[in-house]
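First the structure, in the form of structure tokens, and then the observations on it.
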Amino acid sequence: MSPRTPPWTDRLRHVNGIRLHCLKAGPESGPPVLLLHGFPEDSRAWKKQIGPLARAGFRVVAPDLRGYHLSDRPADVQAYRIDTLLDDVVALIHSLGCARAHVVGHDWGGIIAWALAIRSPEVVDRLAVLNAPHPAAFRRELRRAEQKRRSWYVAFFQLPWLPEQLLPLLGRYALHGRPGSFSAADLTGYQAAWSQPGAASAMIHYYRALVRFGNVEGARVQAPTLLLWGMQDVALVPELSEGLEEWVPDLRVVRFPDATHWLMRDEPVRVSNLLTEFLA
């Protein structure tokens, strides 16, 4: 394998009535690890973690979530309800011939990961979340002015057609990690994915469906959980990484004082090492 060859192969998985494009790496016999990306990225968000996890012996699968990049893009808002997103992940785990998997999520992928561990604990072995709020903690912080202010974009995304028109601008603005965290090629690749027919609406439908149909019921997470938090996140208050023991009794929190929301880009080596250690 040349230095420029990605350490993964591309696969299409037929799950829950749609096709999910996945990046796959590592031994087939290894413990399965799902890497769930957030908005406005796709499976390439994990490009710095896939190789290290695969070399550590894990069977790594990083899907493009429904609506993103090379996965199917249903047109209806209802197709992005949280329960449907969870059904995708459960079906993906089962399609690997596995009853359970380690689940790692960032941003929207983290929202899905939290919800999966709450609703379907039987499929989650260990849980790792990067800069995504536990649903009960988010409800708590939304009662305070600062998180309401930072969540302005959720209300904006409820508007018709305008968010789709502005997505290329908003997407590039959102991907603002530390200097050098995103290359020009990264941004060009993402922008190409956003410009595909129906992609912008599908990505924004996540937020529309969340507001219209809500999140999962319940709050308790049984799985051993690692929460990694970049403290310079402009969209999520740092208090979301605090006071979680009531809902997540088996929890370790690691905070990165100088990292942004794009933690696995800002601190790729440390994040990979922490994930490898925790999942092993």
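Chain identifiers are assigned as A, B, and so on, following the order in which chains appear in the structure tokens; residues are numbered from 1 within each chain, and ligands are numbered from 1 in order of appearance.
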
Contacts of Gly218 (chain A) at 9 Å or less, counting only C-alpha atoms, minus same-chain residues fewer than 6 places along, as a CSV table (one decimal) with C-alpha atoms, in the first residue's frame?
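And here's selection_9.csv as it stands now:
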chain,number,residue,atom,x,y,z
A,115,ALA,CA,-30.0,7.7,21.4
A,118,ILE,CA,-30.6,4.6,25.4
A,119,ARG,CA,-33.2,2.9,23.1
A,135,PRO,CA,-30.3,14.5,25.3
A,136,ALA,CA,-31.2,15.1,29.0

Region 38-257 of chain A: residues DSSP assigns to strand (DSSP E or B), reported as a PyMOL selection string: chain A and resi 59-63+101-106+124-130+225-230+251-256

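You can rank A:Pro160, A:Gly230, A:Pro121, A:Gly214 by their closest distance to Ile82 (chain A) using only C-alpha atoms, and at the top of that list sits A:Gly214.
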
With a distance cut-off of 12 Å and only C-alpha atoms, select the neighbouring residues of Ile204 (chain A), excluding the residue or stretch itself and same-chain residues fewer than 3 positions from it, and output the selection as a PyMOL selection string. chain A and resi 38-40+66-68+73+75-77+79-80+108+153-167+170-171+194+198-201+207-211

Surrounding residues of Val61 (chain A) excluding itself and chain neighbours under 3 positions, 6 Å, only C-alpha atoms, as a CSV table (one decimal) with all heavy atoms, in the first residue's frame:
chain,number,residue,atom,x,y,z
A,23,LEU,N,-17.0,3.1,4.5
A,23,LEU,CA,-15.6,2.9,4.5
A,23,LEU,C,-15.3,1.7,5.5
A,23,LEU,O,-15.8,1.8,6.6
A,23,LEU,CB,-14.8,4.1,4.9
A,23,LEU,CG,-15.2,5.4,4.1
A,23,LEU,CD1,-14.3,6.6,4.5
A,23,LEU,CD2,-15.0,5.2,2.6
A,24,LYS,N,-14.6,0.8,5.0
A,24,LYS,CA,-14.3,-0.5,5.8
A,24,LYS,C,-12.8,-0.7,5.9
A,24,LYS,O,-12.1,-0.6,4.9
A,24,LYS,CB,-15.0,-1.6,5.1
A,24,LYS,CG,-14.8,-3.0,5.8
A,24,LYS,CD,-15.5,-4.1,5.0
A,24,LYS,CE,-15.0,-5.4,5.4
A,24,LYS,NZ,-13.5,-5.6,5.1
A,34,LEU,N,-18.3,1.0,14.9
A,34,LEU,CA,-18.9,1.9,13.9
A,34,LEU,C,-18.5,3.3,14.2
A,34,LEU,O,-18.5,3.7,15.4
A,34,LEU,CB,-20.5,1.8,14.1
A,34,LEU,CG,-21.1,0.5,13.7
A,34,LEU,CD1,-22.7,0.7,13.6
A,34,LEU,CD2,-20.6,0.0,12.4

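Of the listed residues A:Trp8, A:Arg149, A:Glu217, A:Leu96, the one whose atoms come nearest to Asp83 (chain A) is A:Glu217, with distances taken using only C-alpha atoms.
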
Among listed residues A:Leu240, A:Arg59, A:Ala193, A:Leu263, nearest Arg144 (chain A) (using only C-alpha atoms): A:Leu240

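Remark: for Trp114 (chain A), the closest of the candidate residues A:Pro7, A:Gly97, A:Gly30, A:Pro133 is A:Pro133 (distances computed over only C-alpha atoms).
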
Which polymer residues have any atom within 8 Å of an atom of Val124 (chain A), counting only C-alpha atoms, with same-chain residues fewer than 3 positions away left out, as a ChimeraX atom specification? /A:100-103,116-117,120-121,127,223

What's the separation between CA of Ala113 (chain A) and CA of Leu36 (chain A), in Å to one decimal place? 7.7 Å

With only C-alpha atoms as the counted atoms, please give the residues lying no more than 6 Å from Pro63 (chain A), apart from itself and same-chain residues fewer than 4 positions off, as a PyMOL selection string. chain A and resi 21-22+43

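Among the candidates A:Ile111, A:Ile50, A:Val15, A:Val89, the one nearest to Val216 (chain A) when counting only C-alpha atoms is A:Ile111.
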
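Take CA of His261 (chain A) and CA of Ala132 (chain A): the distance between them is 8.9 Å.
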
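Nearest residue to Ala56 (chain A) among A:Pro32, A:Leu12, A:Ser241, A:Asp72 is A:Pro32, counting only C-alpha atoms.
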
Could you pull out the helix (DSSP H, G or I) residues of region 24-271 of chain A from DSSP and send them as an MDAnalysis selection string? chainID A and resid 43:55 77:80 82:95 108:119 121:123 135:142 145:150 152:156 162:174 184:194 199:213 238:241 263:266 268:271
